[in-house]
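K.L.:
What follows is a structure written as structure tokens; I'll ask about it next.
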Number of protein chains: 2
Amino acid sequence: MSVLIVGSTALDSIKTPRAENPRLLGGSASHAAVAASFFSPVQLVGVVGGDFPRRYLALYKRRRIDLEALQILPGKTFHWSGEYESNMNHRRTLLTELGVFETFTPTLPKSHQAARYVLLANIAPGLQHHVLDQMQRPKFVAADTMDLWLNIALPELLKLLKRLDAFVLNDSEAHQLTKEENVFAALKKIHKLGPKYVIIKKGSHGSILSGPRGSFICPAYPLRKVVDPTGAGDSFVGGMMGYLATAKGSVEDNIRRAMIYGSVVASFCCEGFGLTRTTKINRSHINQRAKELEKLTRF
Amino acid sequence: MSVLIVGSTALDSIKTPRAENPRLLGGSASHAAVAASFFSPVQLVGVVGGDFPRRYLALYKRRRIDLEALQILPGKTFHWSGEYESNMNHRRTLLTELGVFETFTPTLPKSHQAARYVLLANIAPGLQHHVLDQMQRPKFVAADTMDLWLNIALPELLKLLKRLDAFVLNDSEAHQLTKEENVFAALKKIHKLGPKYVIIKKGSHGSILSGPRGSFICPAYPLRKVVDPTGAGDSFVGGMMGYLATAKGSVEDNIRRAMIYGSVVASFCCEGFGLTRTTKINRSHINQRAKELEKLTRF
């Protein structure tokens with residue numbers, strides 16, 4: 001089955017202590033869609049401007065991502081620019097130009113409204129609602145978010161939580177949302193806001209799932225060098241949803257392994273700027289690292 | 001087989017945002033010895049002053065810890081006082097009174113010199129060397145340390161690394177020692193300093209082993225509430241060494257499971273001030289959490 005993914009489709013200019021890369025293909029939906037595409041067909045919902053490089057459209061197409069719901073509008077593509085500190089754990093935003101995103105209203109074609117797996121990747125909660133409103137009978141809906149929406153759109157985000165099967169956020173966002181320092185205390189509080197599955201991402205420390213069959217401690221794949229972590233969280237949730245959409249059996253049966261695959265795709269994402277590394281791998285590279293993760297955690 | 005453990009035997013006065021507890025039984029060797037005692041006989045090497053409460057001696061004895069090499073000298077017991085911030089990840093030392101530790105020279109009785117498993121818990125590297133010098137033919141020697149020794153006794157610590165089978169340190173110490181932000185890059189550098197096994201502790205994020213058969217990502221047991229993390233790292237390494245000393249098979253076969261057991265004892269340690277919680281559990285509580293950790297990491 002295919003995954004419908006809505007989120008930002010952007011140009012990212014990224015600075016690290018070692019290099020600077022302008023106008024890479026970025027955005028939560030780009031990372032999530034490429035990650036999901038290793039496992040299942042993907043329907044991308046987003047918007048870009050007239051300045052969006054053709055080679056990035058070609059990249060989506062090479063990954064067989066359905067672009068019917070990618071609007072190309074006159075104006076500028078959403079442009080984000082950020083800088084990482086040497087430990088890669090802290091970044092600061094240098095610039096955000098919304099461009100065509102300012103007036104974006106996602107409208108889904110009929111073929112998209114029937115999607116069973118829906119990923120509301122990081123984007124304004126209002127847009128996440130708007131997409132969900134158009135879905136006919138989704139089987140599994142997951143959403144990601146960011147600190148910005150907790151700051152400026154909390155009421156809408158809280159409403160969204162009641163409509164989700166799974167909510168994915170990082171540890172600092174979980175702290176911001178719940179005021180809990182402790183990840184496990186935060187998980188419990190977030191369940192009470194609605195979602196059956198809650199996943200807290202902890203960067204290089206992996207992620208934690210809390211669900212009906214208990215918790216799962218999902219490791220991050222060990223990397224000796226992180227080139228650019230931008231999009232790692234989006235790759236994680238994209239890979240997870242792609243795996244879930246095609247795996248046999250119930251979500252509950254598959255979600256742990258889905259997180260492992262998401263974690264693996266995120267590891268590749270970190271090894272290059274933007275999507276440069278992720279677009280060079282194939283399913284067998286992913287399977288190899290998933291096997292390694294199995295060995296790395298067995299006792 | 002028994003484990004010989006040298007380290008600090010102290011009184012800890014601990015302040016958290018919620019409570020204050022003066023003169024608890026503390027010190028790296030106390031925590032490590034109690035943790036190890038769930039798995040194997042323990043020979044404790046340390047020093048206390050005339051002010052050391054009898055009830056703490058009774059506590060060691062209840063855990064059947066051999067006190068032949070615990071010196072009781074005129075003067076004051078080593079006293080440490082510290083305060084935790086609300087997230088329990090940052091603490092600051094309020095006071096350190098060395099007392100009888102100032103002139104401590106550990107002298108091992110014959111019966112102790114034959115120990116096969118030796119844990120040089122956190123203490124000045126000079127004392128760790130001094131104990132190791134007296135051992136006849138130890139089979140497995142592990143050492144822990146702290147930032148203080150990296151600051152004021154680095155040459156002695158570096159010499160010690162060449163005499164160890166396993167070196168255990170936390171992530172910020174690993175960064176301080178290697179200047180590497182990345183844990184896996186740090187592990188590689190530390191191997192080059194001598195130890196066959198290197199373990200980096202990451203608090204609530206678990207720990208990472210690097211050894212001849214590859215790496216192991218060891219989870220921390222999920223706790224919703226941490227009362228006092230003092231001694232958790234000592235409990236981890238103590239539990240690990242206790243398990244190794246009695247498990248059948250090679251160290252390489254057992255070290256992953258040993259870390260799991262260490263991690264479990266550390267989780268109990270965090271649930272009470274000082275050793276109050278750890279001394280209320282038994283082996284079946286430990287086995288239960290080890291089983292849970294197995295379920296929490298399987299996929």
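By convention here, the chains of the structure tokens are called A, B, ... in the order presented, each chain's residues are numbered starting at 1, and ligands are numbered starting at 1 in the order presented.
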Once you count only C-alpha atoms, which residues of chain B turn out to be within 9 Å of chain A? Could you give them as a VMD selection string?
P.N.:
chain B and resid 86 to 88 180 to 186 202 205 to 206 214 to 219 222 to 226 254 to 257 260 293 to 299
K.L.:
Pull N, CA and C atoms from the residues just selected and write them as a short mmCIF file (atom, residue, chain, number, x, y, z; two decimals), in the first residue's frame.
P.N.:
```
data_model
loop_
_atom_site.label_atom_id
_atom_site.label_comp_id
_atom_site.auth_asym_id
_atom_site.auth_seq_id
_atom_site.Cartn_x
_atom_site.Cartn_y
_atom_site.Cartn_z
N SER B 86 17.11 20.11 38.56
CA SER B 86 15.83 19.41 38.44
C SER B 86 15.85 18.28 37.41
N ASN B 87 16.68 18.38 36.38
CA ASN B 87 16.66 17.29 35.38
C ASN B 87 17.56 16.13 35.79
N MET B 88 18.22 16.23 36.93
CA MET B 88 19.04 15.16 37.50
C MET B 88 20.28 14.82 36.64
N GLU B 180 36.87 14.00 21.24
CA GLU B 180 35.90 13.57 20.22
C GLU B 180 34.48 13.82 20.73
N GLU B 181 33.65 14.47 19.92
CA GLU B 181 32.25 14.68 20.28
C GLU B 181 31.47 13.38 20.10
N ASN B 182 31.90 12.58 19.14
CA ASN B 182 31.18 11.38 18.75
C ASN B 182 31.62 10.19 19.61
N VAL B 183 30.64 9.52 20.21
CA VAL B 183 30.92 8.41 21.13
C VAL B 183 31.70 7.28 20.43
N PHE B 184 31.33 6.97 19.19
CA PHE B 184 31.97 5.85 18.51
C PHE B 184 33.39 6.18 18.07
N ALA B 185 33.59 7.45 17.73
CA ALA B 185 34.95 7.90 17.43
C ALA B 185 35.79 7.87 18.71
N ALA B 186 35.18 8.26 19.84
CA ALA B 186 35.89 8.25 21.12
C ALA B 186 36.27 6.83 21.51
N LYS B 202 26.17 6.51 29.34
CA LYS B 202 25.46 7.70 28.88
C LYS B 202 24.23 7.99 29.76
N HIS B 205 20.51 7.29 28.84
CA HIS B 205 20.54 6.79 27.46
C HIS B 205 21.25 5.44 27.36
N GLY B 206 21.64 4.85 28.49
CA GLY B 206 22.29 3.55 28.45
C GLY B 206 23.80 3.64 28.31
N GLY B 214 32.98 -6.77 18.57
CA GLY B 214 32.14 -5.66 18.10
C GLY B 214 31.51 -4.89 19.23
N SER B 215 30.52 -4.11 18.87
CA SER B 215 29.90 -3.22 19.84
C SER B 215 28.59 -3.79 20.36
N PHE B 216 28.17 -3.22 21.48
CA PHE B 216 26.87 -3.58 22.07
C PHE B 216 26.23 -2.30 22.57
N ILE B 217 24.98 -2.09 22.18
CA ILE B 217 24.23 -0.93 22.65
C ILE B 217 23.38 -1.41 23.82
N CYS B 218 23.77 -1.02 25.02
CA CYS B 218 23.10 -1.50 26.24
C CYS B 218 22.10 -0.44 26.71
N PRO B 219 20.84 -0.81 26.81
CA PRO B 219 19.83 0.17 27.23
C PRO B 219 19.86 0.43 28.73
N PRO B 222 14.02 1.72 31.81
CA PRO B 222 13.17 2.92 31.83
C PRO B 222 12.66 3.23 33.23
N LEU B 223 12.95 4.41 33.69
CA LEU B 223 12.43 4.87 35.00
C LEU B 223 11.63 6.13 34.77
N ARG B 224 10.46 6.18 35.37
CA ARG B 224 9.65 7.38 35.23
C ARG B 224 10.09 8.46 36.21
N LYS B 225 10.75 8.01 37.27
CA LYS B 225 11.17 8.99 38.27
C LYS B 225 12.56 8.62 38.80
N VAL B 226 13.46 9.56 38.75
CA VAL B 226 14.79 9.36 39.31
C VAL B 226 14.87 10.14 40.61
N ASN B 254 29.96 -13.36 28.00
CA ASN B 254 29.07 -12.90 29.07
C ASN B 254 28.96 -11.40 29.25
N ILE B 255 29.84 -10.64 28.62
CA ILE B 255 29.93 -9.23 28.99
C ILE B 255 28.68 -8.43 28.63
N ARG B 256 28.00 -8.81 27.56
CA ARG B 256 26.77 -8.07 27.20
C ARG B 256 25.70 -8.27 28.28
N ARG B 257 25.49 -9.52 28.64
CA ARG B 257 24.49 -9.78 29.67
C ARG B 257 24.94 -9.18 31.01
N ILE B 260 23.85 -5.69 31.03
CA ILE B 260 22.40 -5.60 31.27
C ILE B 260 22.12 -5.68 32.77
N LEU B 293 14.03 -5.78 30.17
CA LEU B 293 14.94 -5.12 29.22
C LEU B 293 15.05 -5.93 27.93
N GLU B 294 14.98 -7.25 28.07
CA GLU B 294 15.03 -8.10 26.89
C GLU B 294 13.80 -7.82 26.01
N LYS B 295 12.64 -7.74 26.64
CA LYS B 295 11.41 -7.45 25.88
C LYS B 295 11.43 -6.04 25.28
N LEU B 296 12.02 -5.12 26.01
CA LEU B 296 12.04 -3.71 25.58
C LEU B 296 12.94 -3.45 24.38
N THR B 297 13.82 -4.41 24.08
CA THR B 297 14.78 -4.18 23.00
C THR B 297 14.59 -5.15 21.83
N ARG B 298 13.72 -6.15 21.98
CA ARG B 298 13.53 -7.11 20.89
C ARG B 298 12.66 -6.52 19.79
N PHE B 299 13.01 -6.89 18.54
CA PHE B 299 12.17 -6.46 17.42
C PHE B 299 12.14 -7.53 16.36
#
```
K.L.:
May I have the residues within 10 Å of A:Arg92 as a ChimeraX atom specification, using only C-alpha atoms and disregarding those fewer than 5 positions away in the same chain?
P.N.:
/A:15,81-85
K.L.:
I need the residues in stretch 151-240 of chain B that are helix (DSSP H, G or I) according to DSSP; give them as a PyMOL selection string.
P.N.:
chain B and resi 151-152+154-161+171-178+183-191+203-205+232-240
K.L.:
Do you know which residues are at most 12 Å from B:Ile65 counting only C-alpha atoms, after dropping those on the same chain fewer than 4 positions away, and could you put them as a PyMOL selection string?
P.N.:
chain B and resi 2-5+29-45+56-61+69-70+242
K.L.:
Please indicate the distance in Å from atom CA of B:Leu164 to atom CA of B:Lys248, rounded to one decimal place.
P.N.:
21.5 Å
K.L.:
Please identify all polymer residues within 9 Å of A:Gly262, counting only C-alpha atoms, omitting same-chain residues fewer than 5 positions from it, and present them as an MDAnalysis selection string.
P.N.:
chainID A and resid 35:36 233 235:243 257 267
K.L.:
Mind writing the picked residues with N, CA, C and O atoms as a short mmCIF file (atom, residue, chain, number, x, y, z; two decimals), in the first residue's frame?
P.N.:
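What follows is the written file part12.cif:
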```cif
data_model
loop_
_atom_site.label_atom_id
_atom_site.label_comp_id
_atom_site.auth_asym_id
_atom_site.auth_seq_id
_atom_site.Cartn_x
_atom_site.Cartn_y
_atom_site.Cartn_z
N ALA A 35 12.78 8.55 2.12
CA ALA A 35 12.96 7.43 3.06
C ALA A 35 11.88 6.37 2.88
O ALA A 35 12.16 5.17 2.81
N ALA A 36 10.63 6.80 2.77
CA ALA A 36 9.52 5.85 2.61
C ALA A 36 9.60 5.11 1.29
O ALA A 36 9.20 3.94 1.20
N GLY A 233 15.35 13.09 11.45
CA GLY A 233 14.07 12.76 12.09
C GLY A 233 12.98 12.50 11.06
O GLY A 233 12.15 11.61 11.24
N SER A 235 13.52 11.42 7.99
CA SER A 235 13.86 10.14 7.36
C SER A 235 13.41 8.98 8.24
O SER A 235 12.92 7.97 7.75
N PHE A 236 13.60 9.15 9.56
CA PHE A 236 13.20 8.11 10.51
C PHE A 236 11.71 7.81 10.37
O PHE A 236 11.30 6.66 10.18
N VAL A 237 10.90 8.85 10.44
CA VAL A 237 9.45 8.63 10.43
C VAL A 237 8.98 8.23 9.03
O VAL A 237 8.06 7.40 8.88
N GLY A 238 9.65 8.72 8.00
CA GLY A 238 9.31 8.32 6.63
C GLY A 238 9.61 6.84 6.39
O GLY A 238 8.78 6.10 5.87
N GLY A 239 10.80 6.42 6.80
CA GLY A 239 11.17 5.01 6.65
C GLY A 239 10.23 4.11 7.44
O GLY A 239 9.79 3.06 6.96
N MET A 240 9.90 4.55 8.63
CA MET A 240 8.98 3.77 9.47
C MET A 240 7.62 3.60 8.79
O MET A 240 7.09 2.48 8.72
N MET A 241 7.08 4.69 8.27
CA MET A 241 5.75 4.61 7.64
C MET A 241 5.80 3.79 6.35
O MET A 241 4.86 3.03 6.05
N GLY A 242 6.88 3.94 5.58
CA GLY A 242 7.02 3.15 4.36
C GLY A 242 7.04 1.65 4.68
O GLY A 242 6.37 0.85 4.03
N TYR A 243 7.78 1.30 5.71
CA TYR A 243 7.85 -0.11 6.10
C TYR A 243 6.49 -0.61 6.56
O TYR A 243 6.04 -1.68 6.17
N ARG A 257 10.02 -3.15 14.24
CA ARG A 257 10.92 -3.33 13.10
C ARG A 257 10.85 -2.12 12.17
O ARG A 257 11.86 -1.70 11.59
N SER A 267 20.22 7.08 9.60
CA SER A 267 21.68 7.02 9.73
C SER A 267 22.35 7.37 8.41
O SER A 267 23.35 8.09 8.38
#
```
K.L.:
I'd like to know which of B:Leu120, B:Val48, B:Val6, B:Leu154 is closest to B:Pro106, using only C-alpha atoms.
P.N.:
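Among B:Leu120, B:Val48, B:Val6, B:Leu154, it is B:Val6 that comes nearest to B:Pro106.
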K.L.:
Find the residues near A:Leu158: any atom within 12 Å, counting only C-alpha atoms, skip ones fewer than 6 places away on the same chain, and give them as an MDAnalysis selection string.
P.N.:
chainID A and resid 125:126 128:129 143 145 149:152 164 167 177:178 190:195
K.L.:
Any chance you could export the current selection's N, CA, C and O atoms as a short mmCIF file (atom, residue, chain, number, x, y, z; two decimals), in the first residue's frame?
P.N.:
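Final output, selection-v2.cif:
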```cif
data_model
loop_
_atom_site.label_atom_id
_atom_site.label_comp_id
_atom_site.auth_asym_id
_atom_site.auth_seq_id
_atom_site.Cartn_x
_atom_site.Cartn_y
_atom_site.Cartn_z
N PRO A 125 0.31 22.78 11.92
CA PRO A 125 -0.79 21.88 12.28
C PRO A 125 -2.07 22.16 11.50
O PRO A 125 -2.84 21.24 11.20
N GLY A 126 -2.31 23.41 11.13
CA GLY A 126 -3.49 23.74 10.34
C GLY A 126 -3.50 22.98 9.02
O GLY A 126 -4.53 22.45 8.59
N GLN A 128 -1.82 20.20 8.47
CA GLN A 128 -1.94 18.77 8.79
C GLN A 128 -3.43 18.42 8.93
O GLN A 128 -3.89 17.41 8.39
N HIS A 129 -4.17 19.26 9.64
CA HIS A 129 -5.62 19.06 9.77
C HIS A 129 -6.28 19.05 8.39
O HIS A 129 -7.12 18.20 8.09
N ALA A 143 1.93 11.70 12.81
CA ALA A 143 2.35 13.08 12.60
C ALA A 143 3.64 13.37 13.35
O ALA A 143 3.89 12.82 14.42
N THR A 145 6.21 16.94 14.37
CA THR A 145 6.02 18.37 14.56
C THR A 145 7.36 19.04 14.86
O THR A 145 8.41 18.42 14.71
N TRP A 149 5.69 25.01 16.25
CA TRP A 149 4.23 24.82 16.34
C TRP A 149 3.78 24.71 17.79
O TRP A 149 2.66 25.10 18.12
N LEU A 150 4.63 24.20 18.63
CA LEU A 150 4.32 24.19 20.06
C LEU A 150 4.24 25.62 20.58
O LEU A 150 3.46 25.95 21.48
N ASN A 151 5.05 26.49 20.00
CA ASN A 151 5.07 27.89 20.43
C ASN A 151 3.91 28.71 19.86
O ASN A 151 3.32 29.51 20.57
N ILE A 152 3.62 28.52 18.59
CA ILE A 152 2.67 29.44 17.96
C ILE A 152 1.35 28.79 17.54
O ILE A 152 0.43 29.49 17.13
N LEU A 164 -4.81 11.32 15.74
CA LEU A 164 -3.65 10.53 15.29
C LEU A 164 -3.63 9.13 15.86
O LEU A 164 -4.12 8.89 16.96
N PHE A 167 2.09 9.74 17.24
CA PHE A 167 2.69 11.07 17.29
C PHE A 167 4.18 10.91 17.55
O PHE A 167 4.58 10.17 18.44
N LEU A 177 6.32 20.24 25.59
CA LEU A 177 4.88 19.95 25.58
C LEU A 177 4.37 19.53 26.96
O LEU A 177 3.26 19.90 27.36
N THR A 178 5.17 18.75 27.68
CA THR A 178 4.67 18.14 28.92
C THR A 178 5.25 18.74 30.19
O THR A 178 4.77 18.44 31.28
N ILE A 190 1.76 12.28 27.14
CA ILE A 190 1.37 12.52 25.74
C ILE A 190 0.27 11.53 25.31
O ILE A 190 -0.62 11.89 24.56
N HIS A 191 0.35 10.29 25.82
CA HIS A 191 -0.75 9.34 25.55
C HIS A 191 -2.10 9.93 25.94
O HIS A 191 -3.09 9.76 25.26
N LYS A 192 -2.10 10.62 27.07
CA LYS A 192 -3.36 11.18 27.56
C LYS A 192 -3.91 12.26 26.64
O LYS A 192 -5.08 12.62 26.72
N LEU A 193 -3.06 12.80 25.77
CA LEU A 193 -3.51 13.81 24.81
C LEU A 193 -4.13 13.17 23.57
O LEU A 193 -4.63 13.88 22.69
N GLY A 194 -4.07 11.85 23.47
CA GLY A 194 -4.75 11.20 22.36
C GLY A 194 -4.10 10.00 21.70
O GLY A 194 -4.72 8.96 21.56
N PRO A 195 -2.82 10.14 21.26
CA PRO A 195 -2.27 9.10 20.39
C PRO A 195 -2.03 7.76 21.10
O PRO A 195 -1.57 7.72 22.24
#
```
K.L.:
Quote the spacing between atom CA of B:Glu68 and atom CA of B:Phe101 in Å to one decimal place.
P.N.:
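So the answer is 17.4 Å.
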K.L.:
Which parts of stretch 195-247 of chain A does DSSP call strand (DSSP E) when run on the backbone here, written out as a list in words?
P.N.:
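Here are the strand (DSSP E) residues of stretch 195-247 of chain A: Tyr197, Val198, Ile199, Ile200, Lys201, Ser207, Ile208, Leu209, Ser210, Gly211, Gly214, Ser215, Phe216, Ile217 and Cys218 of chain A.
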K.L.:
So that I can check the surroundings of B:Gly75, please list as a list in words every protein, DNA and RNA residue that reaches within 6 Å of it, counting only C-alpha atoms and ignoring chain neighbours fewer than 5 positions away.
P.N.:
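Once the adjacent positions are removed, what remains is Gly49, Gly50 and Val100 of chain B.
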K.L.:
State, in Å with one decimal place, the distance from atom CA of A:Leu127 to atom CA of A:Asp228.
P.N.:
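These two atoms are separated by 27.5 Å.
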